[in-house]
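Note sheet for the following structure.
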Amino acid sequence: MTVKAGFVGCGRMASFHAGALNAIGGAEIVGVYDIDMPKAESFAKKFGAKKVCSSREELLKECGVELLLICDYGHQHAEELHAAMDAGIRSIFCEKPVIRKWEEASALLQKQKETSSLIAVGHVRRVFKPQMKMKEIIDSGILGKIHFCRIQSWNAGFSRQWGNYFASYELSGGAALDMGTHFADLLHWFFGCPEEARGVVTGMENHLAKEEKPSDYFSGTVIYPGGIVCGMDISYQRYGVGKMFMEVYGENATLVCDGSNISVLNKEQETKYTLPAADPHQDQMKCILKMAEEKVQPPCTLKDGIIACGTILSMMNFNANKLDFMKGI
Ligand SMILES: NC(=O)c1ccc[n+]([C@@H]2O[C@H](COP(=O)([O-])OP(=O)(O)OC[C@H]3O[C@@H](n4cnc5c(N)ncnc54)[C@H](O)[C@@H]3O)[C@@H](O)[C@H]2O)c1
């Protein structure tokens, strides 16, 4: 079976997904749309798309799209999902963050239920081999009762330039919503539904209007069932050191993920795990094709994507206790 795929947004992530679909086979790209027409044209040429559409409506209604991949920006995703479901498309992949505001959540879930649509959210880390191994180790129980988890994600790989989408708290939600949701999703997958969250965002913007919040650095804590305390330290930095580090502390052992290396440490020994080579974009698209062909749930569902966003949104809007009581002592 060949799935008829369509793309809204033909940028960087769309290119990863189209390249992955072409590499694994099983899909043909029947149409693409981007507000930047020359970009859509070169994307279509590169990935062999049949048609470049001049509007989203044309793509949704005239190309026979069975699987839509929504790859434009986070503040547009909820509206794009509604339009796709209204147009009768029942298999949809949407990049993260799936919502920008909590108010968008319930109407999306309601429409998904009414239309029986399958919706996958692009939290690709669920198919990363190191994170899959982490999940397996956590579920095995060898760590003993888990007490806390620490995440550091210092993103020096991309230059979040002044004023672009990723630097805008209003649009992308900055490092908190754009990057933090990946980790909120992993923690939800590892430990269950979050029970409490608190956090703070700050940043280095030099151009923002007074009322706009900066968003390059994000620090927060989420509590999961059983009282598991998870600390997050996440940044989008223009200059500096990149790092990805996750630790899970259990009573019997500690699980450490340093980039792509996984090990479990206890009093006596360190066990290092060898992971198979993989292309996560291809692994993700294999799951998305399976969803479209066999009508099975994807690794990260709409509800999962919404829970990840809800966790981070609550941290972004958290009112910290002020330490005024200590003034004047
Ligand atoms: N899953 C991941 O690991 C991951 C990594 C990076 C980015 N992302 C997410 O992917 C999304 C896209 O990011 P990107 O890096 O590909 O950005 P990008 O700027 O490379 O691409 C976005 C594209 O969307 C187009 N666009 C904007 N408005 C549009 C509209 N109304 N209709 C159609 N096209 C429109 C732009 O012209 C651009 O070509 C963001 O939500 C981002 O958070 C996910």
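Ligands are numbered from 1 in the order shown, residues from 1 within each chain, and chains are lettered A, B, ... in the order they appear in the structure tokens.
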
**OP:** Within 12 Å of Met244 (chain A), counting only C-alpha atoms, which residues show up once you throw out same-chain ones fewer than 5 positions away? Write them as number ranges by chain, please.
**Re:** A: 130-131, 150-157, 179, 183, 232-235, 256-261

Subject >> Members of region 102-210 of chain A assigned helix (DSSP H, G or I) by DSSP, as a count of residues only >> reply: 51

**OP:** Check which residues fall inside 8 Å of ligand 1 when counting only C-alpha atoms and all ligand atoms, and print them as JSON, numbers by chain.
**Re:** {"A": [8, 9, 10, 11, 12, 13, 14, 15, 33, 34, 35, 36, 39, 40, 56, 71, 72, 73, 74, 75, 76, 77, 95, 96, 97, 98, 122, 123, 124, 125, 165, 166, 172, 178, 179, 182]}

**OP:** Tell me, in Å to one decimal, how far CA of Glu103 (chain A) is from CA of Glu57 (chain A).
**Re:** 24.8 Å

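The neighbours of region 320-322 of chain A here are the residues that come within 9 Å of it, using only C-alpha atoms and leaving out any residue fewer than 6 positions away in the same chain; they are A:Arg198, A:Gly199, A:Val200.
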
Give me a file of those residues, with N, CA and C atoms, as a PDB file, in the first residue's frame.
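Saved the output as out-v6.pdb:
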ATOM      1  N   ARG A 198       6.260  23.464  38.610  1.00  0.00           N
ATOM      2  CA  ARG A 198       6.630  24.857  38.898  1.00  0.00           C
ATOM      3  C   ARG A 198       7.871  25.206  38.084  1.00  0.00           C
ATOM      4  N   GLY A 199       8.025  26.466  37.741  1.00  0.00           N
ATOM      5  CA  GLY A 199       9.190  26.801  36.934  1.00  0.00           C
ATOM      6  C   GLY A 199       9.362  28.289  36.736  1.00  0.00           C
ATOM      7  N   VAL A 200      10.419  28.645  36.021  1.00  0.00           N
ATOM      8  CA  VAL A 200      10.701  30.046  35.729  1.00  0.00           C
ATOM      9  C   VAL A 200      11.444  30.135  34.403  1.00  0.00           C
TER      10      VAL A 200
END

Original post:
CA of Ala253 (chain A) to CA of Gly180 (chain A): how many Å, to one decimal?
Top reply: 25.9 Å

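When the distance limit is 10 Å and only C-alpha atoms are what count, the residues near Gly226 (chain A), minus those fewer than 2 positions from it on the same chain, are Lys145, Ile146, His147, Phe191, Gly192, Glu195, Ile223, Tyr224, Ile228 and Val229 of chain A.
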
Original post:
Within 10 Å of region 112-119 of chain A, counting only C-alpha atoms, which residues qualify if same-chain residues fewer than 4 places away don't, as a PyMOL selection string?
Top reply: chain A and resi 67-69+81-82+84-86+88-94+106-108+288+291-292+295-298+300-303+305

**OP:** Check region 186-307 of chain A with DSSP on the backbone and list each residue it calls strand (DSSP E), as a PyMOL selection string.
**Re:** chain A and resi 196-202+217-224+228-236+243-250+254-258+261-265+270-273

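The two atoms in question, CA of Gly19 (chain A) and CA of Leu60 (chain A), are spaced 21.3 Å apart.
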
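Take the candidates A:Gly31, A:Tyr217, A:His188, A:Ala49 and check each one against Lys61 (chain A) using only C-alpha atoms; the shortest distance goes to A:Gly31.
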
**OP:** Show which residues sit within 10 Å of Thr271 (chain A), as a PyMOL selection string. Count only C-alpha atoms, and ignore same-chain residues fewer than 6 positions away.
**Re:** chain A and resi 255+262-265

May I have the selected residues written with C-alpha atoms, as a CSV table (one decimal), in the first residue's frame?
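Resulting contents of out_12.csv:
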chain,number,residue,atom,x,y,z
A,255,LEU,CA,20.5,5.4,35.4
A,262,ILE,CA,23.5,4.8,28.7
A,263,SER,CA,24.8,3.3,31.9
A,264,VAL,CA,23.5,2.0,35.2
A,265,LEU,CA,25.6,2.6,38.3

Subject >> Exercise: Pro194 (chain A) partners within 12 Å, only C-alpha atoms, chain neighbours under 2 positions left out, as number ranges by chain >> reply: A: 184-192, 196-198, 221-230, 304, 307-312, 314-315

Could those selected residues go to a file with N, CA and C atoms, as a PDB file, in the first residue's frame?
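Written file, selection21.pdb:
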ATOM      1  N   ALA A 184       9.236  16.927  28.931  1.00  0.00           N
ATOM      2  CA  ALA A 184       7.979  16.686  29.651  1.00  0.00           C
ATOM      3  C   ALA A 184       7.306  15.440  29.083  1.00  0.00           C
ATOM      4  N   ASP A 185       7.418  15.259  27.764  1.00  0.00           N
ATOM      5  CA  ASP A 185       6.814  14.069  27.156  1.00  0.00           C
ATOM      6  C   ASP A 185       7.545  12.800  27.597  1.00  0.00           C
ATOM      7  N   LEU A 186       8.879  12.852  27.610  1.00  0.00           N
ATOM      8  CA  LEU A 186       9.639  11.663  28.044  1.00  0.00           C
ATOM      9  C   LEU A 186       9.304  11.309  29.492  1.00  0.00           C
ATOM     10  N   LEU A 187       9.246  12.340  30.352  1.00  0.00           N
ATOM     11  CA  LEU A 187       8.989  12.074  31.775  1.00  0.00           C
ATOM     12  C   LEU A 187       7.591  11.492  31.975  1.00  0.00           C
ATOM     13  N   HIS A 188       6.613  11.994  31.218  1.00  0.00           N
ATOM     14  CA  HIS A 188       5.256  11.461  31.274  1.00  0.00           C
ATOM     15  C   HIS A 188       5.253   9.994  30.833  1.00  0.00           C
ATOM     16  N   TRP A 189       6.022   9.711  29.790  1.00  0.00           N
ATOM     17  CA  TRP A 189       6.146   8.333  29.280  1.00  0.00           C
ATOM     18  C   TRP A 189       6.824   7.427  30.323  1.00  0.00           C
ATOM     19  N   PHE A 190       7.849   7.954  30.970  1.00  0.00           N
ATOM     20  CA  PHE A 190       8.590   7.153  31.958  1.00  0.00           C
ATOM     21  C   PHE A 190       7.780   6.946  33.253  1.00  0.00           C
ATOM     22  N   PHE A 191       7.167   8.023  33.753  1.00  0.00           N
ATOM     23  CA  PHE A 191       6.673   8.009  35.138  1.00  0.00           C
ATOM     24  C   PHE A 191       5.159   8.165  35.297  1.00  0.00           C
ATOM     25  N   GLY A 192       4.431   8.437  34.216  1.00  0.00           N
ATOM     26  CA  GLY A 192       2.976   8.629  34.324  1.00  0.00           C
ATOM     27  C   GLY A 192       2.616  10.104  34.304  1.00  0.00           C
ATOM     28  N   GLU A 196       2.309  17.809  39.807  1.00  0.00           N
ATOM     29  CA  GLU A 196       2.586  19.207  40.204  1.00  0.00           C
ATOM     30  C   GLU A 196       3.691  19.737  39.316  1.00  0.00           C
ATOM     31  N   ALA A 197       3.673  21.050  39.061  1.00  0.00           N
ATOM     32  CA  ALA A 197       4.759  21.633  38.254  1.00  0.00           C
ATOM     33  C   ALA A 197       5.011  23.069  38.675  1.00  0.00           C
ATOM     34  N   ARG A 198       6.260  23.464  38.610  1.00  0.00           N
ATOM     35  CA  ARG A 198       6.630  24.857  38.898  1.00  0.00           C
ATOM     36  C   ARG A 198       7.871  25.206  38.084  1.00  0.00           C
ATOM     37  N   THR A 221      10.578  22.295  37.917  1.00  0.00           N
ATOM     38  CA  THR A 221      10.466  21.014  38.623  1.00  0.00           C
ATOM     39  C   THR A 221       9.071  20.451  38.395  1.00  0.00           C
ATOM     40  N   VAL A 222       8.999  19.157  38.109  1.00  0.00           N
ATOM     41  CA  VAL A 222       7.707  18.478  37.964  1.00  0.00           C
ATOM     42  C   VAL A 222       7.703  17.280  38.911  1.00  0.00           C
ATOM     43  N   ILE A 223       6.536  17.052  39.531  1.00  0.00           N
ATOM     44  CA  ILE A 223       6.413  15.916  40.446  1.00  0.00           C
ATOM     45  C   ILE A 223       5.482  14.879  39.802  1.00  0.00           C
ATOM     46  N   TYR A 224       5.943  13.644  39.804  1.00  0.00           N
ATOM     47  CA  TYR A 224       5.202  12.537  39.183  1.00  0.00           C
ATOM     48  C   TYR A 224       4.671  11.584  40.269  1.00  0.00           C
ATOM     49  N   PRO A 225       3.756  10.670  39.893  1.00  0.00           N
ATOM     50  CA  PRO A 225       3.188   9.752  40.895  1.00  0.00           C
ATOM     51  C   PRO A 225       4.281   9.055  41.708  1.00  0.00           C
ATOM     52  N   GLY A 226       4.020   8.876  42.982  1.00  0.00           N
ATOM     53  CA  GLY A 226       5.016   8.277  43.873  1.00  0.00           C
ATOM     54  C   GLY A 226       5.981   9.325  44.393  1.00  0.00           C
ATOM     55  N   GLY A 227       5.717  10.595  44.073  1.00  0.00           N
ATOM     56  CA  GLY A 227       6.558  11.679  44.585  1.00  0.00           C
ATOM     57  C   GLY A 227       7.879  11.827  43.855  1.00  0.00           C
ATOM     58  N   ILE A 228       7.991  11.322  42.627  1.00  0.00           N
ATOM     59  CA  ILE A 228       9.251  11.438  41.880  1.00  0.00           C
ATOM     60  C   ILE A 228       9.444  12.906  41.475  1.00  0.00           C
ATOM     61  N   VAL A 229      10.539  13.483  41.928  1.00  0.00           N
ATOM     62  CA  VAL A 229      10.823  14.907  41.670  1.00  0.00           C
ATOM     63  C   VAL A 229      11.773  15.008  40.473  1.00  0.00           C
ATOM     64  N   CYS A 230      11.348  15.744  39.436  1.00  0.00           N
ATOM     65  CA  CYS A 230      12.175  15.843  38.219  1.00  0.00           C
ATOM     66  C   CYS A 230      12.547  17.290  37.965  1.00  0.00           C
ATOM     67  N   ASP A 304      -1.007  12.797  24.520  1.00  0.00           N
ATOM     68  CA  ASP A 304       0.354  12.858  25.081  1.00  0.00           C
ATOM     69  C   ASP A 304       0.990  14.222  24.800  1.00  0.00           C
ATOM     70  N   ILE A 307      -0.509  16.806  27.027  1.00  0.00           N
ATOM     71  CA  ILE A 307      -0.029  16.695  28.418  1.00  0.00           C
ATOM     72  C   ILE A 307       1.372  17.312  28.537  1.00  0.00           C
ATOM     73  N   ALA A 308       2.223  17.067  27.547  1.00  0.00           N
ATOM     74  CA  ALA A 308       3.578  17.663  27.578  1.00  0.00           C
ATOM     75  C   ALA A 308       3.474  19.187  27.572  1.00  0.00           C
ATOM     76  N   CYS A 309       2.619  19.724  26.698  1.00  0.00           N
ATOM     77  CA  CYS A 309       2.465  21.190  26.637  1.00  0.00           C
ATOM     78  C   CYS A 309       1.852  21.733  27.923  1.00  0.00           C
ATOM     79  N   GLY A 310       0.840  21.040  28.450  1.00  0.00           N
ATOM     80  CA  GLY A 310       0.175  21.499  29.675  1.00  0.00           C
ATOM     81  C   GLY A 310       1.160  21.569  30.832  1.00  0.00           C
ATOM     82  N   THR A 311       2.056  20.581  30.909  1.00  0.00           N
ATOM     83  CA  THR A 311       3.067  20.556  31.983  1.00  0.00           C
ATOM     84  C   THR A 311       3.934  21.808  31.900  1.00  0.00           C
ATOM     85  N   ILE A 312       4.419  22.080  30.698  1.00  0.00           N
ATOM     86  CA  ILE A 312       5.340  23.218  30.530  1.00  0.00           C
ATOM     87  C   ILE A 312       4.589  24.547  30.665  1.00  0.00           C
ATOM     88  N   SER A 314       2.074  25.208  32.480  1.00  0.00           N
ATOM     89  CA  SER A 314       1.805  25.500  33.894  1.00  0.00           C
ATOM     90  C   SER A 314       3.085  25.987  34.576  1.00  0.00           C
ATOM     91  N   MET A 315       4.245  25.486  34.122  1.00  0.00           N
ATOM     92  CA  MET A 315       5.513  25.939  34.708  1.00  0.00           C
ATOM     93  C   MET A 315       5.831  27.368  34.272  1.00  0.00           C
TER      94      MET A 315
END
